[in-house]
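Shown next, in C-alpha cells, is the structure this report addresses.
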Amino acid sequence: MWAFQAALDRRGLGPVAGVDEAGRGACAGPLVVASCVLRTGDAARFEGLTDSKLLTAPARDRMYDLLLDRALDYSVIVVPAAEVDLIGVHVANIEGMRRAVARLGAHPGYVLTDGFPVPGLTAPNVPVVKGDRVAACVAAASVLAKVTRDRIMTELHGELPVYGFDVHKGYSTADHTAALLEHGPSAQHRWSYANVAAAARKHGLEPPHPVARGAATAGVVQNGAPPRSGGGRLATRRGADQMNTRAEA
C-alpha cells in the first residue's frame, strides 16, 4: 500500500497526493472527490487502510477520524447532482479531481489517481489500476470521499425519507428503483441518468434543473458497478467553470 509513495519520496518527488471519488455510479446525490497526502512514516498508524468499499461502516468512520487527525493535507470537493446533470458525470469527476488537488494547502510533487488519467493536473501524475487498493494515499482519499458522501446521503434521507437514501446511498438498488417508480425522482436525483429519466416520464415530471443535451444517456448503475448501457456521449465541458463546489473541513 505504501510502495508507490515511498518510491516517489525517495526520488524527491513528494509530497505525493492521492485522489479518488465516491458516488460516480449513483443516480442520486452528489459526486464527492477527495485528495489526501500522508506521511510515509505513518504506515503503522494506518493499519487496515484500504479501498473504502472494502471497509465496514464503523471501520471507515474510525479511519476517517484518523485521517483528519494524521493526514499531512487533504481536501474534499462536493459536486451537487444538478451540476452532474449540467456537465456530465465524467466531466464533473475530472473537474472535481483538479479542484481537489488545487485546494491542497501545499502543492504536491506527484499525484496518484485511481484507475484513469486526469488531464489538467498541475503536478506530474500517473493513474494506478485499483489505486484505492494498492496506494495508501489513494485509499485515504477514497475513505474521505465515501464517508463524506455517506453522511450527506443520510442527511438527505431526513428530508426525503421515501427513497431510503440512508441505506443504498443513492445507488440503483431494487428498493431504490421501486421508490423511484412509485414516487418519481426528486431534485436530488440525477435526471441525466436513464432510470431517473424513465421514472420522471412515468410521472410526467420535468427536470428541476438544466440537463445538458446528450447527458441523458447515462446507463443504469447497480451498486457502484460500471453502467450496463450508455449509448451516446455524455455532456461536454460546457458549463464546467460554473460548477458549484464546497470543501468539507
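For the C-alpha cells, the naming scheme is as follows: chains receive sequential letters (A, B, ...) according to their order of presentation, residues are indexed from 1 within each chain, and ligands are indexed from 1 in presentation order.
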Closest contacts (stretch 107-172 of chain A/stretch 181-184 of chain A, max 12 Å, only C-alpha atoms) as a tab-separated table:
```
residue	atom	partner	partner_atom	distance
A:Leu160	CA	A:His183	CA	10.8
A:Pro161	CA	A:His183	CA	11.3
A:Val162	CA	A:His183	CA	7.9
A:Tyr163	CA	A:His183	CA	8.4
A:Ser172	CA	A:Leu181	CA	11.7
```
Could you pull out the alpha helix (DSSP H) residues of stretch 2-221 of chain A from DSSP and send them as a compact mmCIF listing (two decimals) with N, CA and C atoms, in the first residue's frame?
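After the write, out38.txt holds the following:
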```txt
# COMPACT_ATOMS: atom_id res chain seq x y z
N ALA A 3 4.19 1.41 -1.16
CA ALA A 3 5.37 1.30 -2.02
C ALA A 3 5.43 2.43 -3.05
N PHE A 4 4.30 2.78 -3.69
CA PHE A 4 4.31 3.85 -4.69
C PHE A 4 4.81 5.15 -4.07
N GLN A 5 4.21 5.51 -2.94
CA GLN A 5 4.57 6.76 -2.30
C GLN A 5 6.02 6.75 -1.83
N ALA A 6 6.46 5.64 -1.23
CA ALA A 6 7.83 5.56 -0.73
C ALA A 6 8.84 5.72 -1.86
N ALA A 7 8.55 5.08 -3.00
CA ALA A 7 9.47 5.17 -4.14
C ALA A 7 9.56 6.60 -4.66
N LEU A 8 8.43 7.28 -4.74
CA LEU A 8 8.43 8.67 -5.22
C LEU A 8 9.12 9.59 -4.22
N ASP A 9 8.86 9.37 -2.93
CA ASP A 9 9.51 10.19 -1.91
C ASP A 9 11.02 10.04 -1.95
N ARG A 10 11.50 8.80 -2.13
CA ARG A 10 12.95 8.56 -2.16
C ARG A 10 13.62 9.30 -3.32
N ALA A 57 -18.70 0.05 7.77
CA ALA A 57 -19.01 1.45 8.08
C ALA A 57 -18.30 1.93 9.35
N PRO A 58 -18.30 1.15 10.45
CA PRO A 58 -17.57 1.61 11.64
C PRO A 58 -16.07 1.75 11.38
N ALA A 59 -15.49 0.82 10.60
CA ALA A 59 -14.06 0.91 10.29
C ALA A 59 -13.77 2.14 9.44
N ARG A 60 -14.65 2.46 8.50
CA ARG A 60 -14.47 3.67 7.68
C ARG A 60 -14.52 4.91 8.55
N ASP A 61 -15.46 4.96 9.48
CA ASP A 61 -15.58 6.13 10.34
C ASP A 61 -14.32 6.31 11.20
N ARG A 62 -13.80 5.21 11.73
CA ARG A 62 -12.57 5.30 12.53
C ARG A 62 -11.41 5.77 11.67
N MET A 63 -11.30 5.23 10.45
CA MET A 63 -10.21 5.63 9.56
C MET A 63 -10.37 7.09 9.14
N TYR A 64 -11.60 7.52 8.91
CA TYR A 64 -11.88 8.91 8.56
C TYR A 64 -11.38 9.84 9.66
N ASP A 65 -11.72 9.54 10.91
CA ASP A 65 -11.28 10.38 12.03
C ASP A 65 -9.76 10.40 12.14
N LEU A 66 -9.14 9.25 11.91
CA LEU A 66 -7.69 9.17 11.96
C LEU A 66 -7.05 10.01 10.86
N LEU A 67 -7.64 9.97 9.69
CA LEU A 67 -7.13 10.76 8.57
C LEU A 67 -7.23 12.25 8.86
N LEU A 68 -8.34 12.68 9.42
CA LEU A 68 -8.47 14.10 9.75
C LEU A 68 -7.40 14.51 10.76
N ASP A 69 -7.02 13.60 11.61
CA ASP A 69 -6.04 13.90 12.66
C ASP A 69 -4.60 13.79 12.17
N ARG A 70 -4.31 12.80 11.30
CA ARG A 70 -2.92 12.47 10.96
C ARG A 70 -2.49 12.85 9.54
N ALA A 81 -25.83 17.15 -7.48
CA ALA A 81 -26.44 16.40 -8.57
C ALA A 81 -26.79 17.29 -9.75
N ALA A 82 -27.24 18.51 -9.47
CA ALA A 82 -27.61 19.43 -10.55
C ALA A 82 -26.41 19.75 -11.44
N GLU A 83 -25.23 19.85 -10.86
CA GLU A 83 -24.03 20.13 -11.66
C GLU A 83 -23.60 18.91 -12.45
N VAL A 84 -23.78 17.73 -11.88
CA VAL A 84 -23.50 16.49 -12.62
C VAL A 84 -24.39 16.44 -13.87
N ASP A 85 -25.66 16.79 -13.71
CA ASP A 85 -26.57 16.80 -14.85
C ASP A 85 -26.19 17.85 -15.88
N LEU A 86 -25.65 18.97 -15.43
CA LEU A 86 -25.34 20.07 -16.35
C LEU A 86 -24.15 19.76 -17.23
N ILE A 87 -23.11 19.13 -16.67
CA ILE A 87 -21.87 18.96 -17.43
C ILE A 87 -21.52 17.50 -17.70
N VAL A 89 -21.28 13.36 -15.83
CA VAL A 89 -20.60 12.82 -14.66
C VAL A 89 -19.09 12.71 -14.88
N HIS A 90 -18.64 12.38 -16.09
CA HIS A 90 -17.21 12.24 -16.31
C HIS A 90 -16.51 13.59 -16.22
N VAL A 91 -17.09 14.60 -16.84
CA VAL A 91 -16.50 15.94 -16.77
C VAL A 91 -16.51 16.44 -15.33
N ALA A 92 -17.62 16.20 -14.62
CA ALA A 92 -17.70 16.60 -13.22
C ALA A 92 -16.62 15.91 -12.39
N ASN A 93 -16.36 14.65 -12.68
CA ASN A 93 -15.34 13.90 -11.96
C ASN A 93 -13.94 14.47 -12.22
N ILE A 94 -13.63 14.72 -13.48
CA ILE A 94 -12.33 15.28 -13.84
C ILE A 94 -12.13 16.66 -13.21
N GLU A 95 -13.15 17.52 -13.33
CA GLU A 95 -13.05 18.85 -12.76
C GLU A 95 -12.92 18.78 -11.24
N GLY A 96 -13.66 17.87 -10.62
CA GLY A 96 -13.59 17.71 -9.18
C GLY A 96 -12.20 17.29 -8.73
N MET A 97 -11.57 16.38 -9.48
CA MET A 97 -10.22 15.93 -9.14
C MET A 97 -9.22 17.07 -9.28
N ARG A 98 -9.35 17.87 -10.33
CA ARG A 98 -8.47 19.02 -10.47
C ARG A 98 -8.61 19.96 -9.29
N ARG A 99 -9.82 20.21 -8.89
CA ARG A 99 -10.06 21.16 -7.80
C ARG A 99 -9.62 20.60 -6.46
N ALA A 100 -9.79 19.30 -6.29
CA ALA A 100 -9.35 18.69 -5.04
C ALA A 100 -7.84 18.83 -4.86
N VAL A 101 -7.09 18.65 -5.93
CA VAL A 101 -5.64 18.83 -5.87
C VAL A 101 -5.29 20.30 -5.68
N ALA A 102 -5.98 21.17 -6.39
CA ALA A 102 -5.68 22.61 -6.31
C ALA A 102 -5.94 23.17 -4.93
N GLY A 131 -6.12 1.74 -7.71
CA GLY A 131 -5.29 2.56 -6.84
C GLY A 131 -5.75 2.59 -5.41
N ASP A 132 -7.07 2.51 -5.17
CA ASP A 132 -7.55 2.56 -3.79
C ASP A 132 -7.27 1.28 -3.03
N ARG A 133 -6.71 0.27 -3.71
CA ARG A 133 -6.33 -0.97 -3.03
C ARG A 133 -4.83 -1.17 -2.96
N VAL A 134 -4.08 -0.38 -3.73
CA VAL A 134 -2.63 -0.60 -3.77
C VAL A 134 -1.82 0.64 -3.43
N ALA A 136 -1.66 3.83 -0.64
CA ALA A 136 -2.26 4.28 0.62
C ALA A 136 -2.92 5.65 0.49
N CYS A 137 -2.28 6.59 -0.22
CA CYS A 137 -2.86 7.93 -0.31
C CYS A 137 -4.14 7.94 -1.13
N VAL A 138 -4.25 7.05 -2.12
CA VAL A 138 -5.49 6.95 -2.88
C VAL A 138 -6.58 6.30 -2.02
N ALA A 139 -6.22 5.26 -1.28
CA ALA A 139 -7.17 4.65 -0.36
C ALA A 139 -7.67 5.66 0.66
N ALA A 140 -6.77 6.50 1.16
CA ALA A 140 -7.17 7.53 2.12
C ALA A 140 -8.16 8.51 1.48
N ALA A 141 -7.91 8.90 0.24
CA ALA A 141 -8.85 9.79 -0.46
C ALA A 141 -10.20 9.11 -0.64
N SER A 142 -10.19 7.80 -0.90
CA SER A 142 -11.46 7.09 -1.08
C SER A 142 -12.26 7.07 0.21
N VAL A 143 -11.58 6.94 1.35
CA VAL A 143 -12.28 6.96 2.64
C VAL A 143 -12.87 8.34 2.91
N LEU A 144 -12.09 9.39 2.70
CA LEU A 144 -12.58 10.74 2.91
C LEU A 144 -13.81 11.03 2.04
N ALA A 145 -13.73 10.61 0.77
CA ALA A 145 -14.83 10.88 -0.15
C ALA A 145 -16.08 10.09 0.23
N LYS A 146 -15.91 8.81 0.54
CA LYS A 146 -17.08 7.97 0.80
C LYS A 146 -17.76 8.33 2.12
N VAL A 147 -16.98 8.55 3.17
CA VAL A 147 -17.61 8.90 4.44
C VAL A 147 -18.34 10.24 4.33
N THR A 148 -17.71 11.21 3.67
CA THR A 148 -18.38 12.50 3.45
C THR A 148 -19.69 12.31 2.71
N ARG A 149 -19.64 11.52 1.63
CA ARG A 149 -20.86 11.34 0.82
C ARG A 149 -21.92 10.55 1.57
N ASP A 150 -21.52 9.50 2.27
CA ASP A 150 -22.50 8.71 3.02
C ASP A 150 -23.22 9.57 4.04
N ARG A 151 -22.50 10.47 4.69
CA ARG A 151 -23.13 11.34 5.69
C ARG A 151 -24.09 12.33 5.03
N ILE A 152 -23.72 12.81 3.85
CA ILE A 152 -24.63 13.69 3.11
C ILE A 152 -25.91 12.94 2.75
N MET A 153 -25.77 11.70 2.28
CA MET A 153 -26.95 10.93 1.89
C MET A 153 -27.83 10.61 3.10
N THR A 154 -27.24 10.38 4.25
CA THR A 154 -28.02 10.15 5.45
C THR A 154 -28.81 11.41 5.83
N GLU A 155 -28.19 12.58 5.67
CA GLU A 155 -28.90 13.83 5.92
C GLU A 155 -30.06 14.00 4.93
N LEU A 156 -29.82 13.66 3.66
CA LEU A 156 -30.88 13.77 2.66
C LEU A 156 -32.04 12.83 2.97
N HIS A 157 -31.75 11.70 3.59
CA HIS A 157 -32.82 10.79 3.98
C HIS A 157 -33.79 11.47 4.93
N GLY A 158 -33.28 12.33 5.80
CA GLY A 158 -34.17 13.05 6.71
C GLY A 158 -35.12 13.98 5.98
N GLU A 159 -34.69 14.50 4.82
CA GLU A 159 -35.53 15.39 4.03
C GLU A 159 -36.44 14.61 3.09
N PHE A 165 -32.42 6.79 1.17
CA PHE A 165 -31.04 7.17 0.90
C PHE A 165 -30.07 6.72 1.99
N ASP A 166 -30.56 6.58 3.21
CA ASP A 166 -29.67 6.18 4.30
C ASP A 166 -29.17 4.75 4.14
N VAL A 167 -29.86 3.95 3.34
CA VAL A 167 -29.48 2.55 3.15
C VAL A 167 -28.64 2.37 1.89
N HIS A 168 -29.18 2.76 0.75
CA HIS A 168 -28.49 2.50 -0.53
C HIS A 168 -27.61 3.65 -1.00
N ALA A 174 -32.68 -2.47 -5.90
CA ALA A 174 -34.07 -2.81 -6.19
C ALA A 174 -35.03 -1.92 -5.42
N ASP A 175 -34.72 -1.66 -4.14
CA ASP A 175 -35.61 -0.82 -3.32
C ASP A 175 -35.63 0.62 -3.83
N HIS A 176 -34.47 1.12 -4.23
CA HIS A 176 -34.41 2.48 -4.75
C HIS A 176 -35.19 2.59 -6.06
N THR A 177 -35.02 1.60 -6.92
CA THR A 177 -35.74 1.59 -8.19
C THR A 177 -37.25 1.58 -7.97
N ALA A 178 -37.69 0.77 -7.01
CA ALA A 178 -39.12 0.71 -6.70
C ALA A 178 -39.62 2.05 -6.19
N ALA A 179 -38.85 2.72 -5.34
CA ALA A 179 -39.26 4.02 -4.81
C ALA A 179 -39.29 5.07 -5.91
N LEU A 180 -38.32 5.01 -6.83
CA LEU A 180 -38.31 5.94 -7.96
C LEU A 180 -39.58 5.79 -8.80
N LEU A 181 -39.95 4.54 -9.08
CA LEU A 181 -41.13 4.30 -9.91
C LEU A 181 -42.41 4.69 -9.19
N GLU A 182 -42.42 4.53 -7.88
CA GLU A 182 -43.64 4.87 -7.12
C GLU A 182 -43.80 6.37 -6.91
N HIS A 183 -42.71 7.06 -6.60
CA HIS A 183 -42.80 8.47 -6.21
C HIS A 183 -42.27 9.43 -7.27
N ALA A 194 -30.53 7.32 -17.14
CA ALA A 194 -31.65 6.74 -17.87
C ALA A 194 -32.77 6.26 -16.96
N ASN A 195 -32.45 5.64 -15.84
CA ASN A 195 -33.51 5.14 -14.96
C ASN A 195 -34.28 6.28 -14.29
N VAL A 196 -33.60 7.37 -13.97
CA VAL A 196 -34.27 8.53 -13.38
C VAL A 196 -35.17 9.20 -14.43
N ALA A 197 -34.65 9.35 -15.64
CA ALA A 197 -35.44 9.96 -16.71
C ALA A 197 -36.69 9.13 -17.01
N ALA A 198 -36.56 7.79 -16.97
CA ALA A 198 -37.71 6.92 -17.22
C ALA A 198 -38.77 7.08 -16.12
N ALA A 199 -38.33 7.16 -14.87
CA ALA A 199 -39.28 7.35 -13.77
C ALA A 199 -39.96 8.71 -13.86
N ALA A 200 -39.21 9.72 -14.29
CA ALA A 200 -39.79 11.06 -14.46
C ALA A 200 -40.86 11.05 -15.53
N ARG A 201 -40.60 10.37 -16.65
CA ARG A 201 -41.59 10.30 -17.72
C ARG A 201 -42.86 9.60 -17.23
N LYS A 202 -42.71 8.57 -16.43
CA LYS A 202 -43.86 7.84 -15.89
C LYS A 202 -44.78 8.76 -15.09
```
For this session: Enumerate, as a PyMOL selection string, the complete set of residues in stretch 33-238 of chain A that a backbone-based DSSP assignment places in strand (DSSP E or B).
Result: chain A and resi 33-37+73-79+110-114+125-128+189+193+218
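Minimum distance to A:Ala43 across A:Ala135, A:Gly25, A:Pro30, A:Leu13 (counting only C-alpha atoms) occurs at A:Ala135.
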For this session: Quick one: everything within 6 Å of A:Leu31, counting only C-alpha atoms, minus sequence neighbours fewer than 2 positions away in the same chain. Send it as a ChimeraX atom specification.
Result: /A:23-24,79
Output file for the residues above (N, CA and C atoms, as a PDB file, in the first residue's frame):
```
ATOM      1  N   GLY A  23     -19.465   8.028  -5.435  1.00  0.00           N
ATOM      2  CA  GLY A  23     -20.780   8.385  -5.971  1.00  0.00           C
ATOM      3  C   GLY A  23     -20.843   8.557  -7.464  1.00  0.00           C
ATOM      4  N   ARG A  24     -19.806   8.208  -8.182  1.00  0.00           N
ATOM      5  CA  ARG A  24     -19.856   8.341  -9.645  1.00  0.00           C
ATOM      6  C   ARG A  24     -21.009   7.527 -10.232  1.00  0.00           C
ATOM      7  N   VAL A  79     -19.760  17.921  -5.457  1.00  0.00           N
ATOM      8  CA  VAL A  79     -20.390  18.375  -6.704  1.00  0.00           C
ATOM      9  C   VAL A  79     -21.869  17.983  -6.662  1.00  0.00           C
TER      10      VAL A  79
END
```
Problem set entry | Best match for closeness to A:Val78 among A:Leu54, A:Val129, A:Gly29, A:Pro15, counting only C-alpha atoms |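 Residue with the minimum atom-to-atom distance to A:Val78: A:Gly29.
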For this session: Fewer than 6 positions away in the same chain doesn't count, so skip those; otherwise give me all residues within 12 Å of A:His107, counting only C-alpha atoms, as a PyMOL selection string.
Result: chain A and resi 13-17+35-37+72-74+100-101+121-124
Problem set entry | Counting only C-alpha atoms, the option among A:Lys53, A:His209, A:Arg103, A:Arg190 closest to A:Gly170 |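 With only C-alpha atoms as the atom set, the closest residue is A:Arg190.
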